[in-house]
file input_28.cif (mmCIF, C-alpha atoms)
data_work
#
loop_
_atom_site.label_atom_id
_atom_site.label_comp_id
_atom_site.auth_asym_id
_atom_site.auth_seq_id
_atom_site.Cartn_x
_atom_site.Cartn_y
_atom_site.Cartn_z
CA MET A 80 118.14 100.85 15.28
CA ASN A 81 120.34 103.34 13.44
CA GLU A 82 119.20 106.04 11.01
CA ARG A 83 119.72 103.95 7.85
CA GLU A 84 117.76 101.00 9.19
CA LEU A 85 114.95 103.27 10.37
CA ALA A 86 114.81 104.92 6.94
CA VAL A 87 114.55 101.52 5.23
CA ASP A 88 111.73 100.47 7.56
CA ILE A 89 109.81 103.71 7.04
CA LEU A 90 110.11 103.47 3.26
CA MET A 91 108.95 99.86 3.28
CA GLU A 92 106.01 100.75 5.50
CA MET A 93 105.05 103.57 3.12
CA ASP A 94 104.85 101.08 0.27
CA LYS A 95 103.08 98.42 2.30
CA ARG A 96 100.44 100.71 3.79
CA ASP A 97 100.28 103.10 0.84
CA ALA A 98 100.64 105.78 3.50
CA TYR A 99 101.32 109.46 2.93
CA GLY A 100 105.02 109.90 3.53
CA HIS A 101 105.04 113.09 5.60
CA ILE A 102 102.47 111.69 8.04
CA LEU A 103 104.12 108.30 8.49
CA LEU A 104 107.57 109.87 8.76
CA ARG A 105 106.42 112.14 11.58
CA GLU A 106 104.77 109.24 13.43
CA ARG A 107 107.83 106.98 13.23
CA LEU A 108 110.31 109.68 14.19
CA ASN A 109 108.26 110.57 17.25
CA ARG A 110 108.28 106.90 18.32
CA ALA A 111 111.96 106.38 17.58
CA GLY A 112 113.23 109.36 19.56
CA GLY A 113 116.87 110.30 19.04
CA GLY A 114 118.63 113.61 18.62
CA ALA A 115 118.02 116.35 16.09
CA ARG A 116 120.97 115.30 13.92
CA GLN A 117 119.83 111.68 13.74
CA LYS A 118 116.27 112.72 12.87
CA ALA A 119 117.50 115.10 10.18
CA PHE A 120 119.59 112.32 8.61
CA THR A 121 116.61 109.96 8.57
CA VAL A 122 114.33 112.62 7.08
CA GLU A 123 116.83 113.32 4.32
CA LEU A 124 117.14 109.63 3.47
CA VAL A 125 113.40 109.00 3.42
CA ASN A 126 112.37 112.12 1.53
CA GLY A 127 115.34 111.87 -0.80
CA CYS A 128 114.55 108.29 -1.74
CA VAL A 129 110.91 109.14 -2.40
CA ARG A 130 111.86 112.25 -4.35
CA ARG A 131 114.39 110.36 -6.51
CA ARG A 132 112.86 106.88 -6.61
CA ILE A 133 112.66 106.41 -10.40
CA LEU A 134 116.23 107.64 -10.87
CA LEU A 135 117.53 105.40 -8.07
CA ASP A 136 115.88 102.34 -9.60
CA TYR A 137 117.30 103.27 -13.01
CA ILE A 138 120.82 103.44 -11.54
CA ILE A 139 120.37 100.15 -9.68
CA ASP A 140 119.18 98.45 -12.89
CA CYS A 141 122.31 99.63 -14.69
CA PHE A 142 124.48 97.55 -12.34
CA SER A 143 122.29 94.62 -11.34
CA LYS A 144 121.56 91.48 -13.33
CA THR A 145 118.35 91.16 -11.33
CA PRO A 146 115.86 93.89 -12.33
CA SER A 147 114.77 96.15 -9.48
CA SER A 148 111.16 95.06 -10.12
CA LYS A 149 112.13 91.46 -9.25
CA MET A 150 114.08 92.20 -6.07
CA LYS A 151 112.96 91.43 -2.55
CA PRO A 152 111.38 94.61 -1.09
CA PHE A 153 113.97 94.91 1.68
CA ILE A 154 116.93 94.57 -0.68
CA LEU A 155 115.52 97.07 -3.18
CA THR A 156 114.75 99.60 -0.45
CA LEU A 157 118.20 99.17 1.10
CA LEU A 158 119.82 99.70 -2.30
CA ARG A 159 117.76 102.85 -2.86
CA VAL A 160 118.82 104.25 0.50
CA SER A 161 122.45 103.41 -0.20
CA VAL A 162 122.53 104.73 -3.77
CA TYR A 163 120.90 107.94 -2.59
CA GLN A 164 123.74 108.42 -0.11
CA LEU A 165 126.34 107.73 -2.79
CA ARG A 166 124.84 110.13 -5.34
CA PHE A 167 123.27 112.92 -3.32
CA MET A 168 124.86 113.08 0.14
CA ASP A 169 128.41 114.34 -0.27
CA ARG A 170 129.14 114.27 3.45
CA VAL A 171 128.62 110.51 3.65
CA PRO A 172 131.83 108.63 2.74
CA ALA A 173 131.20 106.06 0.01
CA ALA A 174 132.89 103.31 2.00
CA ALA A 175 130.62 103.98 4.99
CA ALA A 176 127.46 103.83 2.86
CA VAL A 177 128.51 100.52 1.31
CA ASP A 178 129.72 98.91 4.54
CA GLU A 179 126.59 99.91 6.46
CA ALA A 180 124.42 98.42 3.71
CA VAL A 181 126.27 95.11 3.83
CA LYS A 182 126.02 94.98 7.64
CA LEU A 183 122.31 95.71 7.52
CA THR A 184 121.77 93.04 4.87
CA LYS A 185 123.27 90.45 7.21
CA LYS A 186 121.49 91.81 10.30
CA ARG A 187 118.08 91.45 8.68
CA GLY A 188 118.60 87.84 7.67
CA PHE A 189 119.69 88.29 4.03
CA GLY A 190 123.33 87.29 4.50
CA ALA A 191 123.29 85.25 1.27
CA LEU A 192 122.63 88.48 -0.63
CA SER A 193 125.28 90.59 1.08
CA GLY A 194 127.76 89.93 -1.74
CA PHE A 195 125.17 91.04 -4.30
CA VAL A 196 124.48 94.27 -2.37
CA ASN A 197 128.20 94.93 -2.03
CA ALA A 198 128.85 94.34 -5.75
CA VAL A 199 126.02 96.60 -6.95
CA LEU A 200 127.00 99.47 -4.68
CA ARG A 201 130.71 99.24 -5.48
CA SER A 202 129.84 99.31 -9.18
CA VAL A 203 127.83 102.49 -8.58
CA VAL A 204 130.83 104.05 -6.85
CA ARG A 205 133.24 103.13 -9.67
CA GLN A 206 131.09 103.54 -12.78
CA ALA A 207 128.27 106.01 -12.06
CA ASP A 208 129.70 108.52 -14.54
CA GLN A 209 129.28 105.96 -17.33
CA ILE A 210 125.50 105.65 -17.04
CA GLN A 211 123.59 106.43 -20.24
CA TYR A 212 120.35 108.27 -19.60
CA PRO A 213 117.36 108.44 -21.98
CA GLN A 214 117.58 111.08 -24.68
CA ASP A 215 113.90 111.37 -25.63
CA PRO A 216 112.26 114.32 -23.79
CA THR A 217 109.69 112.33 -21.83
CA GLY A 218 112.10 109.58 -20.80
CA ARG A 219 114.75 112.11 -19.84
CA LEU A 220 112.47 114.08 -17.50
CA SER A 221 110.99 110.90 -16.11
CA VAL A 222 114.34 109.37 -15.16
CA LEU A 223 116.43 112.41 -14.22
CA TYR A 224 113.75 113.97 -12.03
CA SER A 225 111.79 110.84 -11.07
CA TYR A 226 108.48 111.87 -12.59
CA PRO A 227 106.06 109.19 -13.81
CA GLU A 228 106.11 109.09 -17.61
CA TRP A 229 102.49 110.24 -17.95
CA LEU A 230 103.19 113.32 -15.83
CA ALA A 231 106.43 114.16 -17.64
CA ALA A 232 104.57 113.91 -20.95
CA TYR A 233 101.70 116.04 -19.58
CA LEU A 234 104.07 118.82 -18.49
CA ILE A 235 105.89 118.83 -21.82
CA GLN A 236 102.63 118.93 -23.75
CA ARG A 237 101.19 121.79 -21.70
CA PHE A 238 104.25 123.95 -21.11
CA GLY A 239 107.01 122.87 -23.48
CA PHE A 240 110.20 121.02 -22.56
CA SER A 241 112.14 123.95 -21.06
CA ARG A 242 109.38 125.01 -18.67
CA ALA A 243 108.60 121.36 -17.84
CA GLU A 244 112.22 120.70 -16.93
CA ARG A 245 112.38 123.80 -14.73
CA ILE A 246 109.26 122.61 -12.91
CA CYS A 247 110.65 119.11 -12.38
CA GLN A 248 114.02 120.44 -11.28
CA ALA A 249 112.47 122.86 -8.79
CA GLU A 250 110.39 120.10 -7.25
CA THR A 251 113.47 118.00 -6.44
CA VAL A 252 114.97 120.70 -4.19
CA ARG A 253 114.69 120.08 -0.47
CA PRO A 254 112.42 122.80 0.99
CA LYS A 255 113.23 125.16 3.81
CA MET A 256 110.61 126.15 6.35
CA HIS A 257 108.69 129.38 5.76
CA LEU A 258 106.94 131.20 8.60
CA CYS A 259 104.08 133.71 8.63
CA VAL A 260 104.47 136.34 11.35
CA ASN A 261 101.58 136.94 13.73
CA THR A 262 101.70 140.72 13.55
CA THR A 263 99.01 141.04 16.22
CA ARG A 264 101.68 139.93 18.70
CA VAL A 265 105.11 140.69 17.23
CA SER A 266 106.69 142.50 14.30
CA GLN A 267 108.59 140.77 11.52
CA PRO A 268 112.02 142.20 12.57
CA GLU A 269 111.33 141.42 16.24
CA LEU A 270 110.48 137.80 15.49
CA THR A 271 113.62 137.44 13.39
CA ARG A 272 115.73 138.48 16.37
CA ILE A 273 113.80 136.19 18.72
CA LEU A 274 114.23 133.19 16.41
CA GLU A 275 117.95 133.82 16.04
CA ALA A 276 118.26 133.83 19.83
CA GLU A 277 116.47 130.46 19.85
CA GLY A 278 118.98 128.98 17.39
CA VAL A 279 116.89 129.34 14.23
CA THR A 280 118.48 130.98 11.19
CA ALA A 281 115.90 133.55 10.07
CA ALA A 282 115.69 136.00 7.17
CA LEU A 283 112.97 138.52 6.33
CA ASP A 284 110.88 137.52 3.32
CA GLY A 285 108.19 139.68 1.77
CA GLN A 286 105.52 141.53 3.69
CA ASN A 287 105.13 139.24 6.70
CA GLY A 288 107.22 136.14 6.00
CA ILE A 289 110.44 134.64 7.34
CA GLN A 290 112.66 132.07 5.66
CA ALA A 291 113.86 129.74 8.40
CA GLU A 292 116.58 127.12 8.69
CA HIS A 293 117.74 124.93 11.58
CA THR A 294 114.12 124.51 12.61
CA ASP A 295 114.39 121.19 14.47
CA ASN A 296 111.72 120.94 17.17
CA ILE A 297 110.24 124.26 16.05
CA GLN A 298 107.03 123.55 17.97
CA GLN A 299 109.02 123.41 21.20
CA LYS A 300 110.43 126.90 20.75
CA PRO A 301 109.03 129.57 23.09
CA SER A 302 108.23 131.77 20.08
CA PHE A 303 105.93 129.06 18.67
CA GLN A 304 104.24 128.37 21.98
CA LYS A 305 103.62 132.11 22.45
CA GLY A 306 101.82 132.20 19.12
CA PHE A 307 104.26 134.48 17.31
CA PHE A 308 103.93 132.64 13.97
CA HIS A 309 102.50 129.76 12.02
CA VAL A 310 104.13 127.76 9.23
CA MET A 311 102.97 128.90 5.77
CA ASP A 312 104.55 129.05 2.32
CA GLU A 313 105.16 132.39 0.64
CA SER A 314 102.91 131.47 -2.30
CA ALA A 315 99.98 130.68 -0.01
CA MET A 316 100.56 133.99 1.76
CA ARG A 317 100.26 135.76 -1.58
CA ALA A 318 96.78 134.33 -2.01
CA VAL A 319 95.68 136.05 1.21
CA GLU A 320 97.43 139.28 0.27
CA THR A 321 95.61 139.19 -3.09
CA LEU A 322 92.31 138.77 -1.25
CA ALA A 323 93.14 141.90 0.79
CA PRO A 324 91.07 141.20 3.94
CA VAL A 325 89.44 144.27 5.51
CA PRO A 326 89.69 144.94 9.27
CA GLY A 327 86.20 144.74 10.72
CA GLY A 328 84.82 142.81 7.74
CA THR A 329 83.48 139.29 7.34
CA LEU A 330 85.61 136.65 5.63
CA LEU A 331 84.70 133.09 4.65
CA ASP A 332 87.46 130.51 4.16
CA LEU A 333 85.60 127.59 2.60
CA CYS A 334 88.32 124.89 2.61
CA ALA A 335 90.24 126.21 5.57
CA ALA A 336 92.23 123.31 7.05
CA PRO A 337 94.97 123.43 8.21
CA GLY A 338 94.02 127.08 8.76
CA GLY A 339 96.99 129.07 7.47
CA LYS A 340 95.01 131.40 5.23
CA SER A 341 92.47 132.13 7.94
CA PHE A 342 95.25 132.89 10.40
CA TYR A 343 97.05 135.24 8.04
CA SER A 344 93.76 136.92 7.17
CA ALA A 345 93.19 137.52 10.89
CA TYR A 346 96.60 139.18 11.18
CA LEU A 347 95.84 141.49 8.26
CA MET A 348 92.41 142.24 9.75
CA GLU A 349 94.16 143.22 13.03
CA ASN A 350 92.04 140.59 14.77
CA ARG A 351 88.92 142.71 14.12
CA GLY A 352 85.79 141.51 12.37
CA ARG A 353 84.72 137.92 11.71
CA ILE A 354 86.42 134.98 10.02
CA VAL A 355 84.51 131.74 9.47
CA ALA A 356 86.93 128.89 8.79
CA CYS A 357 85.02 126.06 7.15
CA ASP A 358 85.96 122.48 6.36
CA ILE A 359 84.33 119.10 5.79
CA HIS A 360 86.55 117.26 8.32
CA PRO A 361 85.67 117.71 12.03
CA GLY A 362 89.10 116.55 13.22
CA LYS A 363 90.89 119.10 11.07
CA LEU A 364 88.61 121.86 12.31
CA ARG A 365 89.53 121.01 15.90
CA LEU A 366 93.19 121.46 15.01
CA VAL A 367 92.39 124.80 13.37
CA GLN A 368 90.57 125.95 16.50
CA ARG A 369 93.46 124.93 18.77
CA ALA A 370 95.95 126.76 16.57
CA ALA A 371 93.76 129.88 16.55
CA GLU A 372 93.75 129.79 20.36
CA ARG A 373 97.56 129.49 20.43
CA LEU A 374 97.77 132.49 18.11
CA GLY A 375 95.30 134.51 20.18
CA LEU A 376 92.86 135.05 17.32
CA SER A 377 89.48 135.88 18.84
CA VAL A 378 88.12 136.91 15.44
CA MET A 379 88.01 133.30 14.25
CA GLU A 380 85.28 130.69 14.42
CA THR A 381 85.08 127.26 12.79
CA ARG A 382 82.19 125.66 10.96
CA LEU A 383 81.65 122.14 9.61
CA LEU A 384 80.65 122.69 5.99
CA ASP A 385 80.65 120.87 2.67
CA ALA A 386 81.67 123.42 0.03
CA ARG A 387 80.03 121.31 -2.68
CA ALA A 388 76.58 122.22 -1.35
CA TYR A 389 74.79 125.59 -1.23
CA HIS A 390 74.09 127.01 2.23
CA VAL A 391 71.37 129.64 1.95
CA GLU A 392 72.09 131.20 5.35
CA LEU A 393 75.50 132.33 4.03
CA ASP A 394 74.02 134.15 1.04
CA GLN A 395 75.68 137.59 0.59
CA THR A 396 77.35 137.50 4.03
CA ALA A 397 81.01 137.79 3.01
CA ASP A 398 83.04 140.88 2.22
CA ARG A 399 85.83 138.50 1.30
CA LEU A 400 85.77 134.81 0.37
CA ILE A 401 88.66 132.50 -0.31
CA LEU A 402 88.26 129.11 -1.95
CA ASP A 403 91.59 127.33 -1.77
CA ALA A 404 90.15 124.32 -3.50
CA PRO A 405 91.15 120.65 -3.18
CA CYS A 406 93.55 120.02 -6.06
CA SER A 407 96.17 117.68 -7.48
CA GLY A 408 98.90 119.37 -5.41
CA LEU A 409 101.48 119.30 -8.20
CA GLY A 410 102.90 122.62 -7.03
CA VAL A 411 103.96 121.25 -3.62
CA ILE A 412 105.86 118.12 -4.65
CA ARG A 413 108.97 119.55 -2.95
CA LYS A 414 107.19 119.03 0.37
CA LYS A 415 105.11 115.96 -0.51
CA PRO A 416 107.22 114.06 -3.05
CA ASP A 417 105.04 110.94 -3.01
CA LEU A 418 102.18 112.95 -4.56
CA LYS A 419 103.65 112.57 -8.04
CA TYR A 420 103.36 108.78 -7.81
CA ARG A 421 99.80 108.87 -6.49
CA LYS A 422 98.12 111.15 -9.01
CA THR A 423 96.79 110.24 -12.45
CA GLU A 424 95.57 112.38 -15.32
CA ALA A 425 92.05 111.21 -14.52
CA ASP A 426 92.47 112.73 -11.04
CA ILE A 427 93.18 116.13 -12.61
CA HIS A 428 89.93 116.10 -14.58
CA ALA A 429 87.93 114.83 -11.60
CA LEU A 430 89.34 117.54 -9.34
CA ALA A 431 88.66 120.25 -11.93
CA ALA A 432 85.01 119.18 -11.96
CA LEU A 433 84.89 119.21 -8.14
CA GLN A 434 86.36 122.72 -8.08
CA ARG A 435 83.67 123.96 -10.47
CA GLU A 436 81.02 122.46 -8.26
CA MET A 437 82.39 124.44 -5.32
CA LEU A 438 82.65 127.66 -7.31
CA GLU A 439 79.10 127.28 -8.58
CA ASN A 440 77.76 127.22 -5.02
CA SER A 441 80.12 129.58 -3.19
CA TRP A 442 79.89 132.72 -5.33
CA ARG A 443 76.47 133.54 -3.84
CA TYR A 444 78.05 134.06 -0.42
CA VAL A 445 79.92 137.18 -1.59
CA LYS A 446 78.29 140.56 -1.09
CA PRO A 447 77.91 142.84 -4.15
CA GLY A 448 81.24 144.64 -4.47
CA GLY A 449 82.95 141.95 -2.40
CA ALA A 450 85.98 139.92 -3.49
CA LEU A 451 86.47 136.20 -4.12
CA VAL A 452 89.88 134.56 -4.45
CA TYR A 453 90.13 131.15 -6.08
CA SER A 454 93.46 129.44 -5.47
CA THR A 455 95.13 126.05 -5.81
CA CYS A 456 98.55 124.63 -5.01
CA THR A 457 98.87 123.06 -8.45
CA ILE A 458 100.02 123.99 -11.96
CA THR A 459 97.55 122.22 -14.26
CA THR A 460 95.62 124.31 -16.78
CA GLU A 461 92.43 122.29 -16.20
CA GLU A 462 92.32 123.18 -12.50
CA ASN A 463 93.50 126.76 -12.91
CA ALA A 464 93.15 128.89 -16.04
CA GLU A 465 90.36 126.81 -17.59
CA ASN A 466 88.30 126.91 -14.40
CA VAL A 467 88.79 130.67 -14.10
CA ARG A 468 87.60 131.22 -17.68
CA TRP A 469 84.61 128.97 -17.01
CA PHE A 470 83.68 130.92 -13.86
CA ALA A 471 84.15 134.37 -15.40
CA ALA A 472 81.86 133.48 -18.32
CA ARG A 473 78.95 132.33 -16.13
CA PHE A 474 78.69 134.38 -12.96
CA PRO A 475 78.38 138.10 -12.08
CA PHE A 476 82.04 138.70 -11.30
CA MET A 477 84.82 140.70 -12.89
CA LEU A 478 88.22 138.98 -13.05
CA GLU A 479 90.74 141.46 -11.62
CA SER A 480 93.87 139.33 -11.72
CA ALA A 481 95.10 135.79 -12.28
CA VAL A 482 98.64 134.54 -11.80
CA GLN A 483 100.38 131.18 -12.03
CA ILE A 484 103.27 130.98 -9.57
CA TRP A 485 105.73 128.32 -10.67
CA PRO A 486 107.56 126.17 -8.12
CA ASP A 487 111.03 127.54 -7.47
CA GLY A 488 113.58 125.62 -5.44
CA ARG A 489 116.08 128.48 -5.24
CA GLU A 490 113.47 130.89 -3.93
CA ASN A 491 111.93 128.21 -1.69
CA ARG A 492 108.54 128.79 -3.29
CA ASP A 493 105.64 126.43 -3.99
CA GLY A 494 103.69 126.33 -7.22
CA PHE A 495 100.39 128.15 -6.78
CA TYR A 496 97.56 129.67 -8.78
CA ILE A 497 95.67 132.75 -7.58
CA ALA A 498 92.71 134.48 -9.24
CA ARG A 499 90.86 137.46 -7.76
CA PHE A 500 87.26 138.32 -8.72
CA VAL A 501 85.03 141.18 -7.61
CA ARG A 502 81.25 140.69 -7.58
CA ASP A 503 79.26 143.10 -9.69
CA GLU A 504 77.33 145.77 -7.81
CA GLU A 505 73.59 145.16 -7.88
#
call {"tool": "encode", "arguments": {"input": "input_28.cif", "output": "structure tokens"}}
result
Amino acid sequence: MNERELAVDILMEMDKRDAYGHILLRERLNRAGGGARQKAFTVELVNGCVRRRILLDYIIDCFSKTPSSKMKPFILTLLRVSVYQLRFMDRVPAAAAVDEAVKLTKKRGFGALSGFVNAVLRSVVRQADQIQYPQDPTGRLSVLYSYPEWLAAYLIQRFGFSRAERICQAETVRPKMHLCVNTTRVSQPELTRILEAEGVTAALDGQNGIQAEHTDNIQQKPSFQKGFFHVMDESAMRAVETLAPVPGGTLLDLCAAPGGKSFYSAYLMENRGRIVACDIHPGKLRLVQRAAERLGLSVMETRLLDARAYHVELDQTADRLILDAPCSGLGVIRKKPDLKYRKTEADIHALAALQREMLENSWRYVKPGGALVYSTCTITTEENAENVRWFAARFPFMLESAVQIWPDGRENRDGFYIARFVRDEE
């Protein structure tokens, strides 16, 4: 099975199982084997087609008498994969993309439709520059950046068209990997040199970060196995830096999985003190514990905990507390493009209520004079600024800072919200 056929199968399985793309993609690639170049090509096809799905269907509909909504699932998926190559992969010759699609149509038992596939794709090659796109603001964002209409309208209403378009555009950019340096074992410049020797292109980024490219099989690199870093976005690192963990102190991370913020906190605490990484999922906590062992972080412990409930034994135990709350995830669509098709506006309101429930219970865990950071990886006002105003008006905390980080494809940065509170002295 070649890369194009594998991509079609993965995309069809995503739709059939309603599976999260990044998880299914990893599973199928591990089973399929193949070299780094073949895997990278498949990843680009799958993620690209998910990222651009509405636009791809719009283009297909411009050149097909049969609407995309009426097509057989295999044919529609094959056309998406092929149109994506024609429009967004300059290194793939147009003739190769078309010919491979026709061959695959026949191979999978749809020979009678091979002429149809050929005609649609050749029309895309010849006439793509003649496509007329919607001119109304919502329709334009929805089609050009493949955002569901409700979400395009939401962004325009909240932030205005210019900001909404910048958000949508940023979220279509393929992300690079960002690493957080384990400074208890290696310095940032040292790790950069080590990664370069391992074939990874590495560049210093911020206080303890590294922008990395050519990261195929990163978990097999000696630097990873020696615990010199963990994968973590720059924006998430800023949440920990805003918290300012204290060496020798006690830190609670209430929604810790997959553990990145706890790990970075341990680095900043010089592996001295106590970090309690909490989560509601036992399986995820086991992964956090294994990663902490790889990183050599003796300061860390894990605890099964539901952040929606109050736990009296934790009352006033934390010098620092971070609540990176479950959210709509609209700031990380670059990495999880299928999120934008899964979420609804009702989800935003439900999550905002859940976040308040967690805040209402967790503030008691912070010592007088201690700090609490509330963060999300989303951009909605309901989950961010409105929740911060709600919290500040009800509980004995002073709001020190609040910042909305917008997703930025050029800077390889996720959308994130970070608010820092300090508990009043009693």
call {"tool": "residues_around", "arguments": {"input": "input_28.cif", "residues": "A:Lys340", "least_positions_apart": "3", "cutoff": "7 Å", "atoms": "all atoms listed in the file", "output": "list in words"}}
result
Val319, Tyr343 and Ser344 of chain A
call {"tool": "write_last_selection", "arguments": {"input": "input_28.cif", "atoms": "C-alpha atoms", "output": "compact mmCIF listing (two decimals), in the frame of the given file"}}
result
# COMPACT_ATOMS: atom_id res chain seq x y z
CA VAL A 319 95.68 136.05 1.21
CA TYR A 343 97.05 135.24 8.04
CA SER A 344 93.76 136.92 7.17
call {"tool": "residues_around", "arguments": {"input": "input_28.cif", "residues": "stretch 302-314 of chain A", "least_positions_apart": "6", "cutoff": "6 Å", "atoms": "all atoms listed in the file", "output": "PyMOL selection string"}}
result
chain A and resi 257-261+373-374+493
call {"tool": "atom_distance", "arguments": {"input": "input_28.cif", "atom1": "atom CA of A:Leu430", "atom2": "atom CA of A:Ile497"}}
result
16.6 Å
call {"tool": "residues_around", "arguments": {"input": "input_28.cif", "residues": "A:Leu384", "least_positions_apart": "5", "cutoff": "8 Å", "atoms": "all atoms listed in the file", "output": "NGL selection string"}}
result
:A and (333 or 357-359)
call {"tool": "resolve_selection", "arguments": {"input": "input_28.cif", "expression": "the PyMOL selection byres ((chain A and resi 137-147) around 9)", "output": "PyMOL selection string"}}
result
chain A and resi 132-136+148-151+155+158-159+162+195+198-200+202-203+206-207+210-212+222
call {"tool": "resolve_selection", "arguments": {"input": "input_28.cif", "expression": "the PyMOL selection byres ((chain A and resi 110-127) around 7)", "output": "list of chain:residue names"}}
result
A:Glu82, A:Arg83, A:Ala86, A:Leu90, A:Glu106, A:Arg107, A:Leu108, A:Asn109, A:Cys128, A:Val129, A:Arg130, A:Arg131, A:Val160, A:Asp295
call {"tool": "atom_distance", "arguments": {"input": "input_28.cif", "atom1": "atom CA of A:Arg219", "atom2": "atom CA of A:Ile412"}}
result
18.6 Å
call {"tool": "axis_aligned_box", "arguments": {"input": "input_28.cif", "around": "stretch 245-253 of chain A", "padding_each_side": "3 Å", "output": "AutoDock Vina command-line options"}}
result
--center_x 112.1 --center_y 120.9 --center_z -7.6 --size_x 11.7 --size_y 11.8 --size_z 20.3
call {"tool": "resolve_selection", "arguments": {"input": "input_28.cif", "expression": "the PyMOL selection byres ((chain A and resi 400) around 7)", "output": "PyMOL selection string"}}
result
chain A and resi 330-332+397-399+401-402+445+450-452
call {"tool": "atom_distance", "arguments": {"input": "input_28.cif", "atom1": "atom CA of A:Leu192", "atom2": "atom CA of A:Ile89"}}
result
21.3 Å
call {"tool": "closest_residue", "arguments": {"input": "input_28.cif", "among": "A:Gly190, A:Ala388, A:Tyr496, A:Glu490", "to": "A:Ala315", "atoms": "all atoms listed in the file"}}
result
A:Tyr496
call {"tool": "residues_near_point", "arguments": {"input": "input_28.cif", "point": "(112.2, 130.4, 25.3)", "cutoff": "9 Å", "atoms": "all atoms listed in the file", "output": "PyMOL selection string"}}
result
chain A and resi 273+276-277+299-302+304
call {"tool": "write_last_selection", "arguments": {"input": "input_28.cif", "atoms": "C-alpha atoms", "output": "CSV table (one decimal), in the frame of the given file"}}
result
chain,number,residue,atom,x,y,z
A,273,ILE,CA,113.8,136.2,18.7
A,276,ALA,CA,118.3,133.8,19.8
A,277,GLU,CA,116.5,130.5,19.8
A,299,GLN,CA,109.0,123.4,21.2
A,300,LYS,CA,110.4,126.9,20.8
A,301,PRO,CA,109.0,129.6,23.1
A,302,SER,CA,108.2,131.8,20.1
A,304,GLN,CA,104.2,128.4,22.0
call {"tool": "residues_around", "arguments": {"input": "input_28.cif", "residues": "A:Arg443", "least_positions_apart": "6", "cutoff": "10 Å", "atoms": "only C-alpha atoms", "output": "list in words"}}
result
Tyr389, His390, Val391, Leu393, Asp394, Gln395, Thr396, Ala397, Phe474, Pro475 and Arg502 of chain A
call {"tool": "build_atoms", "arguments": {"input": "input_28.cif", "residues": "stretch 426-438 of chain A", "atoms": "N, CA and C atoms", "output": "compact mmCIF listing (two decimals), in the frame of the given file"}}
result
# COMPACT_ATOMS: atom_id res chain seq x y z
N ASP A 426 92.66 111.97 -12.28
CA ASP A 426 92.47 112.73 -11.04
C ASP A 426 92.37 114.23 -11.34
N ILE A 427 93.19 114.70 -12.27
CA ILE A 427 93.18 116.13 -12.61
C ILE A 427 91.81 116.54 -13.12
N HIS A 428 91.24 115.76 -14.02
CA HIS A 428 89.93 116.10 -14.58
C HIS A 428 88.83 115.99 -13.52
N ALA A 429 88.93 114.98 -12.65
CA ALA A 429 87.93 114.83 -11.60
C ALA A 429 87.99 115.99 -10.61
N LEU A 430 89.18 116.43 -10.28
CA LEU A 430 89.34 117.54 -9.34
C LEU A 430 88.87 118.86 -9.96
N ALA A 431 89.13 119.04 -11.25
CA ALA A 431 88.66 120.25 -11.93
C ALA A 431 87.14 120.34 -11.87
N ALA A 432 86.47 119.20 -12.05
CA ALA A 432 85.01 119.18 -11.96
C ALA A 432 84.54 119.48 -10.54
N LEU A 433 85.22 118.94 -9.54
CA LEU A 433 84.89 119.21 -8.14
C LEU A 433 85.04 120.70 -7.82
N GLN A 434 86.11 121.29 -8.31
CA GLN A 434 86.36 122.72 -8.08
C GLN A 434 85.25 123.58 -8.67
N ARG A 435 84.78 123.22 -9.86
CA ARG A 435 83.67 123.96 -10.47
C ARG A 435 82.39 123.84 -9.65
N GLU A 436 82.18 122.67 -9.10
CA GLU A 436 81.02 122.46 -8.26
C GLU A 436 81.06 123.40 -7.05
N MET A 437 82.24 123.54 -6.47
CA MET A 437 82.39 124.44 -5.32
C MET A 437 82.21 125.90 -5.72
N LEU A 438 82.80 126.28 -6.83
CA LEU A 438 82.65 127.66 -7.31
C LEU A 438 81.20 127.99 -7.60
